[in-house]
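What follows is work25.txt (compact mmCIF, C-alpha atoms).
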# COMPACT_ATOMS: atom_id res chain seq x y z
CA MET A 23 -23.05 -24.18 -51.73
CA LYS A 24 -19.90 -26.27 -51.35
CA LEU A 25 -18.24 -23.51 -49.30
CA GLY A 26 -21.24 -23.38 -46.97
CA LEU A 27 -21.14 -27.14 -46.43
CA LEU A 28 -17.41 -26.98 -45.74
CA LEU A 29 -17.85 -24.26 -43.11
CA LEU A 30 -20.73 -26.19 -41.54
CA ALA A 31 -18.57 -29.30 -41.29
CA ALA A 32 -15.63 -27.37 -39.83
CA LEU A 33 -17.68 -25.58 -37.17
CA PRO A 34 -17.88 -28.50 -34.69
CA ILE A 35 -14.16 -29.11 -35.11
CA ALA A 36 -13.32 -25.48 -34.38
CA THR A 37 -15.75 -25.39 -31.46
CA TYR A 38 -14.29 -28.39 -29.67
CA ALA A 39 -10.66 -27.89 -30.68
CA GLN A 40 -8.30 -27.60 -27.73
CA ASP A 41 -4.79 -26.34 -27.24
CA SER A 42 -2.43 -29.26 -27.02
CA ILE A 43 -0.97 -27.87 -23.79
CA ALA A 44 -4.23 -26.79 -22.18
CA VAL A 45 -4.93 -28.19 -18.74
CA SER A 46 -8.24 -29.41 -17.42
CA SER A 47 -8.34 -27.59 -14.10
CA TYR A 48 -8.90 -23.92 -13.39
CA ASP A 49 -6.55 -24.23 -10.41
CA GLU A 50 -3.61 -24.88 -12.69
CA TYR A 51 -1.63 -22.47 -14.83
CA PRO A 52 -2.27 -21.86 -17.65
CA ASN A 53 -6.00 -22.51 -17.49
CA THR A 54 -8.09 -23.87 -20.33
CA PHE A 55 -8.18 -20.46 -22.01
CA SER A 56 -4.41 -20.12 -22.08
CA SER A 57 -1.95 -20.98 -24.79
CA GLY A 58 1.74 -20.68 -25.37
CA SER A 59 4.78 -22.52 -24.17
CA ALA A 60 4.27 -25.82 -22.39
CA ASN A 61 7.04 -24.83 -19.98
CA VAL A 62 4.81 -22.85 -17.61
CA GLN A 63 4.64 -22.30 -13.89
CA PRO A 64 2.69 -20.15 -11.42
CA PHE A 65 4.03 -16.59 -11.26
CA ASN A 66 4.85 -16.04 -7.61
CA ASN A 67 7.76 -14.62 -5.60
CA LYS A 68 9.77 -17.80 -6.16
CA ALA A 69 9.34 -17.50 -9.94
CA ARG A 70 10.43 -13.85 -10.14
CA LYS A 71 13.76 -13.20 -11.86
CA PHE A 72 14.05 -9.47 -11.10
CA ASN A 73 13.45 -6.97 -8.32
CA ASP A 74 10.63 -4.56 -9.12
CA TRP A 75 10.13 -2.38 -6.01
CA SER A 76 12.17 0.61 -4.90
CA ILE A 77 12.01 3.64 -2.62
CA SER A 78 13.24 6.98 -3.96
CA VAL A 79 14.16 10.18 -2.13
CA GLY A 80 15.51 13.42 -3.46
CA GLY A 81 15.40 17.16 -3.44
CA GLY A 82 16.61 20.34 -5.04
CA ALA A 83 15.53 23.74 -6.27
CA ALA A 84 12.00 24.96 -6.98
CA PHE A 85 10.89 28.00 -8.98
CA MET A 86 7.57 29.61 -9.76
CA VAL A 87 7.45 30.08 -13.54
CA HIS A 88 4.76 30.93 -16.13
CA SER A 89 2.82 32.75 -13.42
CA ASP A 90 1.99 36.30 -12.41
CA LEU A 91 4.73 36.56 -9.80
CA LYS A 92 7.86 34.75 -10.90
CA SER A 93 10.93 33.35 -9.17
CA ILE A 94 13.21 34.49 -12.01
CA THR A 95 12.87 38.22 -12.72
CA ASP A 96 15.28 40.65 -14.36
CA LYS A 97 17.95 37.93 -14.52
CA LYS A 98 17.75 37.49 -10.77
CA VAL A 99 16.88 34.12 -9.26
CA ASN A 100 14.82 33.75 -6.11
CA TRP A 101 15.68 30.26 -5.00
CA GLY A 102 13.17 27.86 -3.54
CA TYR A 103 13.44 24.26 -2.49
CA ASN A 104 11.55 20.99 -2.75
CA ALA A 105 12.00 17.43 -1.51
CA TYR A 106 10.25 14.19 -2.43
CA VAL A 107 9.88 10.57 -1.40
CA SER A 108 8.20 7.90 -3.51
CA ILE A 109 7.37 4.21 -3.56
CA ASP A 110 8.07 2.82 -7.03
CA LYS A 111 6.74 -0.31 -8.70
CA GLN A 112 8.21 -1.47 -12.02
CA ILE A 113 5.45 -3.04 -14.17
CA THR A 114 7.48 -3.95 -17.25
CA HIS A 115 11.07 -3.33 -18.34
CA PHE A 116 10.04 0.07 -19.76
CA MET A 117 7.08 1.20 -17.62
CA GLY A 118 6.57 1.78 -13.90
CA LEU A 119 4.27 3.54 -11.43
CA SER A 120 5.09 5.65 -8.38
CA VAL A 121 3.18 7.12 -5.48
CA ILE A 122 5.07 10.31 -4.70
CA TYR A 123 4.88 12.86 -1.89
CA GLN A 124 6.52 16.24 -2.50
CA ARG A 125 6.98 19.26 -0.28
CA GLY A 126 8.45 22.59 -1.29
CA GLU A 127 8.58 26.34 -1.07
CA THR A 128 9.03 29.06 -3.67
CA THR A 129 9.65 32.80 -3.52
CA GLN A 130 8.48 35.02 -6.36
CA LYS A 131 8.28 38.75 -7.19
CA ALA A 132 6.44 41.12 -9.54
CA GLN A 133 5.54 44.77 -9.97
CA LEU A 134 2.27 46.21 -11.20
CA GLU A 135 2.26 48.66 -14.09
CA GLY A 136 1.69 52.39 -13.85
CA ALA A 137 0.80 54.32 -10.71
CA ALA A 138 -0.25 51.14 -8.84
CA GLY A 139 3.18 49.70 -9.37
CA ILE A 140 4.91 52.87 -8.19
CA ALA A 141 2.78 52.91 -5.02
CA ALA A 142 3.16 49.20 -4.25
CA GLY A 143 6.76 48.79 -5.30
CA ILE A 144 8.05 45.29 -5.95
CA ALA A 145 5.66 42.77 -4.43
CA GLU A 146 7.06 39.56 -2.96
CA ALA A 147 5.10 36.34 -2.49
CA ASN A 148 5.85 33.04 -0.86
CA THR A 149 4.24 29.64 -1.57
CA LYS A 150 4.56 26.54 0.61
CA PHE A 151 3.07 23.40 -0.92
CA ASN A 152 2.46 19.72 -0.21
CA GLN A 153 1.62 17.31 -3.01
CA ILE A 154 0.62 13.66 -3.37
CA ALA A 155 0.47 12.15 -6.85
CA LEU A 156 0.34 8.96 -8.87
CA MET A 157 3.06 9.17 -11.48
CA GLY A 158 3.92 7.03 -14.50
CA ASP A 159 7.53 6.30 -15.44
CA VAL A 160 8.61 5.41 -18.99
CA ASN A 161 12.13 4.10 -19.50
CA PHE A 162 12.93 5.48 -22.96
CA SER A 163 16.35 3.82 -22.99
CA ASN A 164 14.76 0.37 -22.81
CA LEU A 165 11.89 1.34 -25.10
CA LEU A 166 14.04 2.81 -27.89
CA ARG A 167 17.11 0.62 -27.51
CA ARG A 168 18.28 -1.12 -30.71
CA VAL A 169 17.62 -4.84 -30.72
CA ASP A 170 21.15 -5.60 -31.95
CA ASN A 171 22.83 -3.53 -29.23
CA LEU A 172 24.54 -6.10 -27.00
CA SER A 173 26.69 -3.64 -25.07
CA PRO A 174 26.23 -3.19 -21.29
CA TYR A 175 24.58 0.03 -20.14
CA ARG A 176 24.35 1.87 -16.82
CA TRP A 177 22.61 5.09 -17.94
CA ALA A 178 18.88 5.31 -18.64
CA PHE A 179 16.72 8.19 -19.87
CA HIS A 180 13.28 8.37 -18.20
CA GLY A 181 10.09 10.32 -18.79
CA TYR A 182 7.50 11.06 -16.10
CA ALA A 183 3.87 12.18 -16.04
CA GLY A 184 1.33 12.17 -13.25
CA VAL A 185 -1.70 13.68 -11.57
CA GLY A 186 -2.36 14.38 -7.92
CA LEU A 187 -3.72 16.64 -5.20
CA MET A 188 -1.95 19.45 -3.39
CA SER A 189 -2.40 21.90 -0.56
CA TYR A 190 -0.60 25.20 -0.26
CA ASN A 191 -0.26 28.37 1.81
CA THR A 192 0.70 31.66 0.17
CA SER A 193 1.53 35.14 1.39
CA LEU A 194 1.89 38.37 -0.58
CA HIS A 195 3.13 41.72 0.67
CA ASP A 196 3.95 45.01 -1.01
CA ASN A 197 4.26 48.68 0.00
CA ASN A 198 0.62 49.59 -0.56
CA GLU A 199 -2.49 47.43 -0.27
CA PHE A 200 -0.82 44.32 1.15
CA ARG A 201 1.43 45.62 3.95
CA TRP A 202 1.43 45.58 7.70
CA SER A 203 -0.25 48.82 8.68
CA THR A 204 -2.55 50.03 11.48
CA THR A 205 -3.42 53.36 9.88
CA PRO A 206 -5.01 52.52 7.59
CA ALA A 207 -5.58 48.91 8.71
CA ARG A 208 -3.86 46.68 6.18
CA VAL A 209 -2.25 43.25 6.24
CA PRO A 210 -0.47 41.10 3.68
CA LEU A 211 -2.61 38.76 1.59
CA PHE A 212 -2.75 35.17 2.87
CA ILE A 213 -4.32 32.31 0.91
CA LYS A 214 -4.79 28.76 2.14
CA GLN A 215 -5.81 25.91 -0.14
CA LYS A 216 -6.73 22.56 1.42
CA MET A 217 -5.94 19.25 -0.26
CA ASP A 218 -9.23 18.32 -1.97
CA LEU A 219 -10.73 17.86 -5.43
CA ASN A 220 -10.35 21.59 -6.06
CA SER A 221 -6.57 21.24 -5.87
CA ILE A 222 -5.83 18.77 -8.66
CA TYR A 223 -2.50 19.37 -10.36
CA TYR A 224 -0.53 17.76 -13.19
CA GLN A 225 3.19 17.23 -13.65
CA PHE A 226 5.55 15.87 -16.25
CA GLY A 227 9.29 15.79 -16.71
CA ILE A 228 12.41 13.88 -17.59
CA GLY A 229 15.23 12.24 -15.67
CA LEU A 230 18.61 10.60 -16.21
CA LYS A 231 19.40 7.60 -14.02
CA TYR A 232 22.70 5.90 -13.31
CA ASN A 233 22.90 2.32 -12.05
CA VAL A 234 25.45 2.55 -9.23
CA SER A 235 25.02 -0.98 -7.92
CA ARG A 236 22.53 -3.78 -7.43
CA LEU A 237 20.89 -1.78 -4.64
CA ILE A 238 21.26 1.91 -5.60
CA ASP A 239 20.44 4.20 -8.52
CA VAL A 240 21.14 7.94 -8.61
CA GLU A 241 19.15 10.35 -10.74
CA ALA A 242 18.96 13.92 -11.97
CA ARG A 243 15.31 14.87 -12.56
CA THR A 244 13.46 17.98 -13.66
CA MET A 245 9.67 18.35 -13.41
CA TYR A 246 7.13 20.90 -14.63
CA ILE A 247 4.12 21.37 -12.31
CA MET A 248 0.83 22.72 -13.68
CA SER A 249 -1.37 23.84 -10.79
CA GLY A 250 -4.46 24.77 -12.82
CA ASP A 251 -4.92 27.52 -10.22
CA ASP A 252 -4.29 31.28 -10.51
CA GLU A 253 -3.81 31.56 -6.73
CA PHE A 254 -0.80 29.22 -6.52
CA ASP A 255 1.75 32.04 -6.86
CA GLY A 256 0.08 34.11 -4.12
CA GLY A 257 -1.02 36.80 -6.54
CA GLY A 258 -4.53 37.03 -5.09
CA ASN A 259 -7.86 35.31 -4.90
CA ALA A 260 -9.17 34.27 -8.30
CA GLY A 261 -12.47 36.09 -7.89
CA PRO A 262 -14.35 38.25 -10.40
CA ALA A 263 -13.01 41.47 -8.89
CA ASP A 264 -9.42 40.29 -9.35
CA TYR A 265 -9.96 40.31 -13.13
CA ASP A 266 -12.20 43.41 -13.29
CA PRO A 267 -10.14 46.42 -14.47
CA THR A 268 -12.63 48.83 -12.83
CA SER A 269 -12.38 47.31 -9.32
CA ASN A 270 -10.09 48.69 -6.63
CA VAL A 271 -8.43 45.33 -5.93
CA SER A 272 -4.75 45.08 -6.90
CA LYS A 273 -4.50 43.26 -10.22
CA TYR A 274 -1.57 40.93 -9.61
CA ASN A 275 -3.55 38.07 -11.17
CA MET A 276 -3.79 40.04 -14.42
CA ILE A 277 -0.03 40.43 -14.93
CA ASN A 278 0.00 37.17 -16.85
CA LYS A 279 -2.95 36.08 -18.97
CA ARG A 280 -2.51 32.46 -17.88
CA ARG A 281 -5.05 31.21 -15.35
CA SER A 282 -2.68 28.45 -14.23
CA ASP A 283 0.39 29.28 -12.14
CA ASN A 284 3.05 26.70 -12.90
CA ALA A 285 6.24 25.69 -11.10
CA TRP A 286 9.49 24.03 -12.08
CA THR A 287 11.73 21.78 -9.98
CA VAL A 288 15.28 20.50 -10.52
CA ASN A 289 16.29 17.59 -8.27
CA LEU A 290 18.95 15.05 -7.45
CA GLY A 291 17.72 11.77 -6.01
CA VAL A 292 18.59 8.26 -4.92
CA SER A 293 16.59 5.08 -5.46
CA PHE A 294 17.00 2.12 -3.13
CA LYS A 295 16.10 -1.07 -4.99
CA LEU A 296 14.38 -3.66 -2.84
CA GLY A 297 14.71 -7.42 -3.22
CA LYS A 298 17.16 -10.30 -3.24
CA HIS A 299 17.69 -10.66 -7.00
CA LEU A 300 20.84 -9.50 -8.75
CA SER A 301 19.05 -7.24 -11.22
CA HIS A 302 16.12 -4.81 -11.23
CA LEU A 303 13.44 -5.02 -13.90
CA ALA A 304 14.07 -1.39 -14.88
CA TRP A 305 17.58 -2.36 -16.00
CA HIS A 306 16.56 -5.49 -17.90
CA ASP A 307 16.19 -5.48 -21.68
CA PRO A 308 14.50 -8.72 -22.83
CA LEU A 309 15.35 -8.06 -26.48
CA GLN A 310 19.02 -7.71 -25.57
CA GLU A 311 18.85 -11.02 -23.70
CA THR A 312 17.14 -12.75 -26.62
CA TYR A 313 19.55 -11.44 -29.25
CA ALA A 314 22.52 -12.19 -27.03
CA ARG A 315 21.46 -15.82 -26.85
CA ILE A 316 20.96 -15.95 -30.61
CA HIS A 317 24.38 -14.37 -31.11
CA THR A 318 25.93 -16.97 -28.81
CA LEU A 319 24.28 -19.83 -30.67
CA GLU A 320 25.31 -18.44 -34.06
CA ASN A 321 28.95 -18.17 -32.97
CA THR A 322 29.24 -21.48 -31.14
CA ASN A 323 30.63 -24.52 -32.91
CA VAL A 324 28.90 -27.63 -31.64
CA ASP A 325 30.70 -30.92 -32.23
CA PHE A 326 28.09 -33.63 -32.56
CA VAL A 327 29.31 -36.94 -31.16
CA VAL A 328 27.96 -39.82 -33.24
CA CYS A 329 27.99 -43.31 -31.84
CA GLU A 330 29.45 -42.23 -28.52
CA LYS A 331 29.17 -45.78 -27.07
CA GLY A 332 30.47 -47.43 -30.24
CA ASP A 333 29.07 -50.46 -32.08
CA GLN A 334 30.13 -53.59 -30.21
CA ASP A 335 28.49 -56.11 -32.56
CA ASN A 336 29.49 -54.27 -35.75
CA ASP A 337 25.97 -54.47 -37.17
CA GLY A 338 25.97 -50.80 -38.31
CA VAL A 339 23.66 -49.65 -35.52
CA CYS A 340 25.20 -47.60 -32.70
CA ASP A 341 24.96 -49.03 -29.21
CA ASP A 342 23.21 -45.78 -28.14
CA TRP A 343 20.00 -47.12 -29.68
CA ASP A 344 20.84 -50.78 -30.51
CA ARG A 345 18.20 -53.06 -28.97
CA GLN A 346 20.27 -56.15 -29.63
CA LEU A 347 23.90 -55.62 -28.68
CA ASP A 348 25.07 -59.16 -29.52
CA THR A 349 23.85 -59.57 -33.10
CA PRO A 350 25.78 -62.43 -34.81
CA ALA A 351 28.36 -61.34 -37.35
CA GLY A 352 26.92 -61.21 -40.86
CA ALA A 353 23.26 -61.00 -39.81
CA ARG A 354 21.06 -58.40 -41.44
CA VAL A 355 19.41 -56.08 -38.92
CA ASP A 356 16.58 -53.55 -38.80
CA GLY A 357 16.93 -49.93 -37.73
CA ALA A 358 16.98 -50.90 -34.05
CA GLY A 359 19.84 -53.35 -34.52
CA VAL A 360 17.66 -56.46 -34.19
CA ALA A 361 18.52 -59.42 -36.50
CA LEU A 362 15.90 -59.93 -39.23
CA ASP A 363 13.54 -62.93 -39.17
CA MET A 364 11.45 -62.60 -42.33
CA ASP A 365 9.11 -65.57 -41.66
CA LEU A 366 8.89 -64.91 -37.91
CA ASP A 367 9.64 -68.55 -37.05
CA GLY A 368 12.21 -67.66 -34.38
CA VAL A 369 15.19 -68.46 -36.60
CA ILE A 370 17.03 -65.36 -37.80
CA ASP A 371 17.60 -65.16 -41.53
CA LEU A 372 21.33 -65.75 -41.07
CA TYR A 373 20.64 -69.33 -39.90
CA ASP A 374 17.27 -69.91 -41.61
CA LYS A 375 17.54 -72.22 -44.62
CA CYS A 376 13.92 -71.49 -45.56
CA VAL A 377 13.78 -67.74 -45.16
CA THR A 378 10.23 -67.28 -46.48
CA VAL A 379 8.63 -70.41 -44.97
CA PRO A 380 8.24 -70.85 -41.21
CA GLY A 381 9.82 -73.91 -39.65
CA PRO A 382 11.09 -75.23 -36.32
CA VAL A 383 14.46 -74.33 -34.93
CA GLU A 384 15.66 -77.93 -34.93
CA ASN A 385 15.07 -78.14 -38.69
CA ALA A 386 17.00 -74.88 -39.42
CA GLY A 387 13.76 -72.99 -39.98
CA CYS A 388 12.38 -75.29 -42.67
CA PRO A 389 9.12 -77.27 -42.53
CA LYS A 390 9.43 -80.98 -41.67
Go through the file and emit its structure as structure tokens.
Amino acid sequence: MKLGLLLLAALPIATYAQDSIAVSSYDEYPNTFSSGSANVQPFNNKARKFNDWSISVGGGAAFMVHSDLKSITDKKVNWGYNAYVSIDKQITHFMGLSVIYQRGETTQKAQLEGAAGIAAGIAEANTKFNQIALMGDVNFSNLLRRVDNLSPYRWAFHGYAGVGLMSYNTSLHDNNEFRWSTTPARVPLFIKQKMDLNSIYYQFGIGLKYNVSRLIDVEARTMYIMSGDDEFDGGGNAGPADYDPTSNVSKYNMINKRRSDNAWTVNLGVSFKLGKHLSHLAWHDPLQETYARIHTLENTNVDFVVCEKGDQDNDGVCDDWDRQLDTPAGARVDGAGVALDMDLDGVIDLYDKCVTVPGPVENAGCPK
């Protein structure tokens, strides 16, 4: 019963309680639903401490892997290429987002088993692709960095993951079904995939960045691309006949049981950091800044200066906060350095002959 009455009494207090720093206008910051430090300001371009936008370009090698026709076969490498450009936005010191466009080309080979393989020989396919994706960027160096590590750093380990759309054109030719021939009439196999919802792909990878200067980062990056499509390597249309052992269609799509042809890229790139600030948010560690300030405070000897202005009237109260700088010698004073007048008759106790009884000044503070 008593607990219920206590809660009932506390409810209005809790309902109408307000943060001591809350403001009364929704146009101000923070608004009435905010709390925290009283030292607040609107977050705009003037308030920013770090750059957070950049443009990245790069390129390197591309290979078709984990597919039916592969770029690396019998210890031989069929080199492809890719290039990318991205617009990057750093959200926090350890997470960012990028819109990335990538273009590339791969060359891959395979041979069917048995008599079909003998007749066709080694088939060669080519894939040209264009990709647009939204990609997340996690800065593991900032995320996993020890809080007591105060050393400077210029290297950062990143992880990437994203999803996007792609278009591609493939060609496949061999010495049998997919060759240029008029008798019988045969042509290589060409596949064209437009960029639409049927061409969603996923990618993830890692990168190592080096902070060259305030404006430039360089990076080595490797990405794994999952197409989700068994036609990406050019091995044939992913129709029922392509997986039917009894059909007469060449079974390149059955060389590997995977129904997703995946690619791998290895790139070198450059990021151009945009903005006027000295540092980019991707290279800022707030914990390092906080602990550095604590370390500085812990190792700084502060000499407190007491009574910097002295005590001119020698009443024991420093002139820094003495409200009466000319107290007569020998007078008792309060904490503000004002001479005491116990009976408040205008005569300080030093000169008052009747300290506890009010009296006029001309009678030395005593009644007439």
Discussion item. List the spatial neighbours of A:Arg208 as a ChimeraX atom specification - criterion: any atom at most 12 Å away, all atoms listed in the file, same-chain residues fewer than 2 positions off excluded.
Written reply: /A:195-206,210-211
Worksheet item: Quick one: distance from atom CA of A:Asp218 to atom CA of A:Thr149 in Å, one decimal?
Response: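 According to the coordinates, atom CA of A:Asp218 and atom CA of A:Thr149 are separated by 17.6 Å.
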Which residues are near A:Ser249? Cut-off 9 Å, only C-alpha atoms, ignore same chain within fewer than 3 positions. Put them as a short mmCIF file (atom, residue, chain, number, x, y, z; two decimals) with C-alpha atoms, keeping the file's coordinate frame.
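Result written to part-v4.cif:
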data_model
loop_
_atom_site.label_atom_id
_atom_site.label_comp_id
_atom_site.auth_asym_id
_atom_site.auth_seq_id
_atom_site.Cartn_x
_atom_site.Cartn_y
_atom_site.Cartn_z
CA MET A 188 -1.95 19.45 -3.39
CA SER A 221 -6.57 21.24 -5.87
CA ILE A 222 -5.83 18.77 -8.66
CA TYR A 223 -2.50 19.37 -10.36
CA TYR A 224 -0.53 17.76 -13.19
CA GLN A 225 3.19 17.23 -13.65
CA ASP A 252 -4.29 31.28 -10.51
CA PHE A 254 -0.80 29.22 -6.52
CA SER A 282 -2.68 28.45 -14.23
CA ASP A 283 0.39 29.28 -12.14
CA ASN A 284 3.05 26.70 -12.90
CA ALA A 285 6.24 25.69 -11.10
#
Practice prompt. Mind giving me the straight-line distance from atom CA of A:Gly184 to atom CA of A:Asp159 in Å, one decimal?
Written response: 8.8 Å
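Distances from A:Ile316, A:Met157, A:Val339, A:Ala351 to A:Lys111 were compared using all atoms listed in the file, and the smallest one belongs to A:Met157.
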Practice prompt. Name the residues within 8 Å of (18.3, -5.9, -5.9), counting only C-alpha atoms in the file's coordinates, and put them as a list of chain:residue names.
Written response: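 Residues found, by chain and rising number: A:Phe72, A:Asn73, A:Arg236, A:Leu237, A:Lys295, A:Leu296, A:Gly297, A:Lys298, A:His299, A:Leu300, A:Ser301, A:His302.
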Store the residues of this selection in a file with C-alpha atoms, as an mmCIF file, in the coordinates of the input.
data_model
loop_
_atom_site.group_PDB
_atom_site.id
_atom_site.type_symbol
_atom_site.label_atom_id
_atom_site.label_comp_id
_atom_site.auth_asym_id
_atom_site.auth_seq_id
_atom_site.Cartn_x
_atom_site.Cartn_y
_atom_site.Cartn_z
ATOM 1 C CA PHE A 72 14.050 -9.470 -11.100
ATOM 2 C CA ASN A 73 13.450 -6.970 -8.320
ATOM 3 C CA ARG A 236 22.530 -3.780 -7.430
ATOM 4 C CA LEU A 237 20.890 -1.780 -4.640
ATOM 5 C CA LYS A 295 16.100 -1.070 -4.990
ATOM 6 C CA LEU A 296 14.380 -3.660 -2.840
ATOM 7 C CA GLY A 297 14.710 -7.420 -3.220
ATOM 8 C CA LYS A 298 17.160 -10.300 -3.240
ATOM 9 C CA HIS A 299 17.690 -10.660 -7.000
ATOM 10 C CA LEU A 300 20.840 -9.500 -8.750
ATOM 11 C CA SER A 301 19.050 -7.240 -11.220
ATOM 12 C CA HIS A 302 16.120 -4.810 -11.230
#
Practice prompt. Find the residues around stretch 368-374 of chain A up to 10 Å (all atoms listed in the file counted), leave out those fewer than 4 positions away in its own chain, and share them as a PyMOL selection string.
Written response: chain A and resi 350-355+360-364+378-388
Practice prompt. Have a look at A:Leu172, A:Leu194, A:Cys329, A:Met276 and name the one nearest to A:Asp264; count only C-alpha atoms.
Written response: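 For A:Asp264, the nearest of the given residues is A:Met276.
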Item to complete: Pick out the closest residue to A:Met217 from this set: A:Gly143, A:Gly359, A:Phe151, A:Thr95. Count only C-alpha atoms.
Response: A:Phe151
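Using all atoms listed in the file, the shortest contact distance between A:Lys273 and any of A:Glu135, A:Leu347, A:Val292, A:Leu230 is found at A:Glu135.
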